[in-house]
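The structure appears below as structure tokens.
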Amino acid sequence: MLHASREARTDRRRLRQVKSFRRAIVQKRGNFAARIREQGPRESEGKIVMANIVVLGAGLAGIIMAYEMKAKMGPADELTVVNLGSTYSFVPSNPWVAVGWRKPEETSVALGPVLRRKGIALRPEGAKRVHPKENRIELNDGSSIPYDYLIIATGPDLAFDEIPGLGPGANTQSICHVDHAVQAKAAFDALVRKPGPVVIGAVQGASCYGPAYEFAFILDTALRRAKKRDQVPITFVTAEPYIGHLGLDGVGDTKGLLESAMRERHIKWITNAKVTKVESSKMFVEEVNEDGTKKGDHELPFAFSMLLPAFRGVPAVIGIEGLTNPRGFITIDKHQRNAAFPNVFGVGVCVAIPPVGKTALPVGVPKTGFMIESMVTATAENVGALLQGKEPWAVATWNAVCLADFGDEGIAFVAQPQIPPRNVNWSSSGKWVHAAKVGFEKYFLRKIRHGQSETFYENLVLDVLGIKKLKDIHVEPAE
């Protein structure tokens, strides 16, 4: 009996310690903990869960977001990644896949084992609809996932349907997804067998122009290596007001560098170009003046064409009042936080950014890799602050560095910040850019496979190059 009494006292003491520990956590986490105090901690598979954080999307923004967010969470918090499928593909390599310089498996990572090692759950069913008023995500299989904090990193929906005949399901190729690039590779092989005119570019409303330029130059290099370039006239079609605008009103001398490179490689271009429709071997383009009035019509025959489409929000979020703009992009404040639903954050291509200046045709702003990583770092800090009962304080710098590969050389630019006016506005070209792009591909895929968001070596290199602030966050007090 005495032994049993000692055990009972020990159990009661342990219970008091557990309750004391829980009270300490509740006090530390402020407003968020107040909800827990009212409802009590949730249980998931027998574990006490203090906060349930969900990252929606596992592309560039989503996978890095998951890694950085995990480092800011407590041991009782849970992190889940919701994605359609369980594979990460390195999108910047897609132009190489489209001409056979890479195989899809060389640029992809199976996410299941990596996330499991990090203690991150993966739901590969994909999201059907976000229900922010109910703090849950409805999945494609009919089930739902609740969340305390949601970080939307879906990337865009590709609006091929907005132009008749556009897209890989119709009459043009795409490099937006790796499966599109595989299809483009088959079309490229057919072009080599039977050469003919080529049209490359980006349509009105697009917001990702760099890959269009990259692919035009990579295709030129691939055709020269195949000894077929002399039989393939290339025309570049873009809604930009001038070559090298890039949706950023240029960076350094991107206009001069890109125009010079295109002249050297005998690539003709049409700017202020509105694609009206695409038939099986002919593209119809309306060229406009700076004031938007019609300047002329072009009928461009082609044997191969790749046009980047306009972007919009994905079906899971588009049309949700307060969460998105009319185009379906997530509206955010300087802390990457949505005003209507303050437990929802947005990072990457899915966020709403107004265009840079006035243009004759809709020209969107690109969200480049380093800009996205800056958003990710700020968001991890801000959600981490909320978990501790503090207010968000981190502001992403939105600085950018871009390497545009031409297959044998390339153009690089640094914009600090990406949106003008800028403190740094620099661009350069040379063979070193191609080597740097190849090196970055291998380095980034290694980071994903090892579950890292950044490394000491990455920060050291950026510091040596004078672009350390590309991953810094600007701190401002909460209003």
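Identifiers in the structure tokens: chain A, B, ... in order shown; residue index from 1 per chain; ligand index from 1 in order shown.
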
> as a VMD selection string, which residues of stretch 253-318 of chain A does DSSP assign to alpha helix (DSSP H)?
Replying inline: chain A and resid 254 to 264

>> Quick one: residues within 7 Å of A:Val198, only C-alpha atoms, excluding same-chain residues fewer than 3 positions away - as a list of chain:residue names?
In response: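 With the cut-off at 7 Å, the set is A:Val232, A:Pro233, A:Ile234, A:Thr235, A:Phe302, A:Ala303, A:Phe304, A:Ser305.
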
>> Can you measure atom CA of A:Val203 to atom CA of A:Gln183 for me? One decimal in Å is fine.
In response: 19.9 Å

> Could you state the separation of atom CA of A:Asn382 and atom CA of A:Ala394 in Å, given to one decimal place?
Replying inline: 6.0 Å

> Looking at only C-alpha atoms, which of A:Val356, A:Val347, A:Val275, A:Leu246 is the one that sits closest to A:Ser374?
Replying inline: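 Under the stated criterion, the closest residue is A:Val347.
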
> Excluding same-chain residues fewer than 6 positions from A:Ser427, what lies within 12 Å of it counting only C-alpha atoms, as a VMD selection string?
Replying inline: chain A and resid 244 250 to 258 400 to 404 410 to 416 433

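Among the candidates A:Gly59, A:Gly201, A:Gly296, A:Pro241, the residue lying nearest to A:Gln173 is A:Gly201 (atoms considered: only C-alpha atoms).
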
> Which one of A:Leu56, A:Val109, A:Leu361, A:Ile353 sits closest to A:Lys294 if you count only C-alpha atoms?
Replying inline: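 Among the listed residues, A:Leu361 lies closest to A:Lys294.
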
>> List as a ChimeraX atom specification the protein and nucleic acid residues near stretch 132-140 of chain A, meaning an atom at most 12 Å away when only C-alpha atoms are counted, but skip any in the same chain fewer than 3 places from it.
In response: /A:52-56,80-85,123-129,143-152,315-317,320-324,338,340-345

>> Report as a PyMOL selection string all protein, DNA and RNA residues lying within 12 Å of A:Ser453, evaluated on only C-alpha atoms, omitting residues in the same chain fewer than 2 positions from it.
In response: chain A and resi 60-71+370+373-374+376-377+380+443-451+455-459+471

Write a file of the just-selected residues containing C-alpha atoms, as a PDB file, in the first residue's frame.
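The result, written out as result_15.pdb:
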```pdb
ATOM      1  CA  LEU A  60      10.093  26.910 -55.261  1.00  0.00           C
ATOM      2  CA  ALA A  61       8.278  29.085 -52.708  1.00  0.00           C
ATOM      3  CA  GLY A  62       6.416  26.278 -50.970  1.00  0.00           C
ATOM      4  CA  ILE A  63       9.251  23.827 -50.362  1.00  0.00           C
ATOM      5  CA  ILE A  64      11.686  26.492 -49.109  1.00  0.00           C
ATOM      6  CA  MET A  65       8.842  27.917 -47.007  1.00  0.00           C
ATOM      7  CA  ALA A  66       8.318  24.548 -45.361  1.00  0.00           C
ATOM      8  CA  TYR A  67      12.011  24.218 -44.496  1.00  0.00           C
ATOM      9  CA  GLU A  68      12.303  27.718 -43.039  1.00  0.00           C
ATOM     10  CA  MET A  69       8.976  27.516 -41.193  1.00  0.00           C
ATOM     11  CA  LYS A  70       9.930  24.232 -39.554  1.00  0.00           C
ATOM     12  CA  ALA A  71      12.950  25.923 -37.977  1.00  0.00           C
ATOM     13  CA  PHE A 370      15.666  35.505 -54.783  1.00  0.00           C
ATOM     14  CA  GLU A 373      13.178  33.622 -50.957  1.00  0.00           C
ATOM     15  CA  SER A 374      13.087  37.044 -49.344  1.00  0.00           C
ATOM     16  CA  VAL A 376       9.753  33.238 -47.493  1.00  0.00           C
ATOM     17  CA  THR A 377      12.266  34.392 -44.889  1.00  0.00           C
ATOM     18  CA  ALA A 380       8.788  32.442 -41.460  1.00  0.00           C
ATOM     19  CA  TYR A 443      23.392  23.474 -55.846  1.00  0.00           C
ATOM     20  CA  PHE A 444      19.678  24.244 -55.486  1.00  0.00           C
ATOM     21  CA  LEU A 445      18.555  20.678 -56.189  1.00  0.00           C
ATOM     22  CA  ARG A 446      21.053  19.476 -53.595  1.00  0.00           C
ATOM     23  CA  LYS A 447      19.516  21.868 -51.064  1.00  0.00           C
ATOM     24  CA  ILE A 448      16.049  20.489 -51.760  1.00  0.00           C
ATOM     25  CA  ARG A 449      17.222  16.879 -51.481  1.00  0.00           C
ATOM     26  CA  HIS A 450      18.935  17.620 -48.144  1.00  0.00           C
ATOM     27  CA  GLY A 451      16.069  19.648 -46.712  1.00  0.00           C
ATOM     28  CA  THR A 455      23.705  27.266 -46.374  1.00  0.00           C
ATOM     29  CA  PHE A 456      26.764  29.002 -45.001  1.00  0.00           C
ATOM     30  CA  TYR A 457      28.373  28.796 -48.454  1.00  0.00           C
ATOM     31  CA  GLU A 458      25.397  30.469 -50.119  1.00  0.00           C
ATOM     32  CA  ASN A 459      25.503  33.386 -47.703  1.00  0.00           C
ATOM     33  CA  LYS A 471      18.262  37.232 -48.327  1.00  0.00           C
TER      34      LYS A 471
END
```

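Atom CA of A:Ala153 lies 15.4 Å from atom CA of A:Ala396.
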
> Of the candidates A:Thr221, A:Ser428, A:Gln452, A:Asn399, which shows the shortest atom-to-atom distance to A:Ile267, using only C-alpha atoms?
Replying inline: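 Nearest to A:Ile267: A:Thr221.
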
> Skipping near chain neighbours, those fewer than 2 positions away, what residues fall within 8 Å of A:Thr238 using only C-alpha atoms, listed as a ChimeraX atom specification?
Replying inline: /A:201-204,236,240,269-274

> Of the candidates A:Pro355, A:Gly155, A:Gly169, A:Gly57, which one gets nearest to A:Leu122 if we count only C-alpha atoms?
Replying inline: A:Gly57

>> Restricting the calculation to only C-alpha atoms: of A:Leu158, A:Ile163, A:Ala51, A:Ala181, which residue gets closest to A:Ala98?
In response: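 Answer, going by the shortest atom-to-atom distance: A:Ala181.
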
> Can you tell me, as a PyMOL selection string, what residues are no more than 7 Å from A:Pro301 when counting only C-alpha atoms, ignoring any on the same chain fewer than 6 positions away?
Replying inline: chain A and resi 197+281-283

Save out the residues we just selected, N, CA and C atoms, as an mmCIF file, in the first residue's frame.
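Generated file (out.cif):
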```
data_model
loop_
_atom_site.group_PDB
_atom_site.id
_atom_site.type_symbol
_atom_site.label_atom_id
_atom_site.label_comp_id
_atom_site.auth_asym_id
_atom_site.auth_seq_id
_atom_site.Cartn_x
_atom_site.Cartn_y
_atom_site.Cartn_z
ATOM 1 N N PRO A 197 9.867 27.880 -89.815
ATOM 2 C CA PRO A 197 9.872 29.098 -88.988
ATOM 3 C C PRO A 197 9.504 28.790 -87.528
ATOM 4 N N SER A 281 -0.616 26.145 -87.612
ATOM 5 C CA SER A 281 0.705 26.518 -88.136
ATOM 6 C C SER A 281 0.798 28.014 -88.437
ATOM 7 N N LYS A 282 -0.095 28.808 -87.811
ATOM 8 C CA LYS A 282 -0.073 30.242 -88.061
ATOM 9 C C LYS A 282 -0.529 30.997 -86.812
ATOM 10 N N MET A 283 0.200 32.080 -86.501
ATOM 11 C CA MET A 283 -0.130 32.920 -85.356
ATOM 12 C C MET A 283 -0.588 34.287 -85.844
#
```

> Among stretch 100-303 of chain A, which residues carry a DSSP assignment of strand (DSSP E or B), reported as a PyMOL selection string?
Replying inline: chain A and resi 108-110+121-123+125+127-131+136-139+144-146+149-152+157-158+173+198-202+234-238+267-270+273-278+282-288+294-301
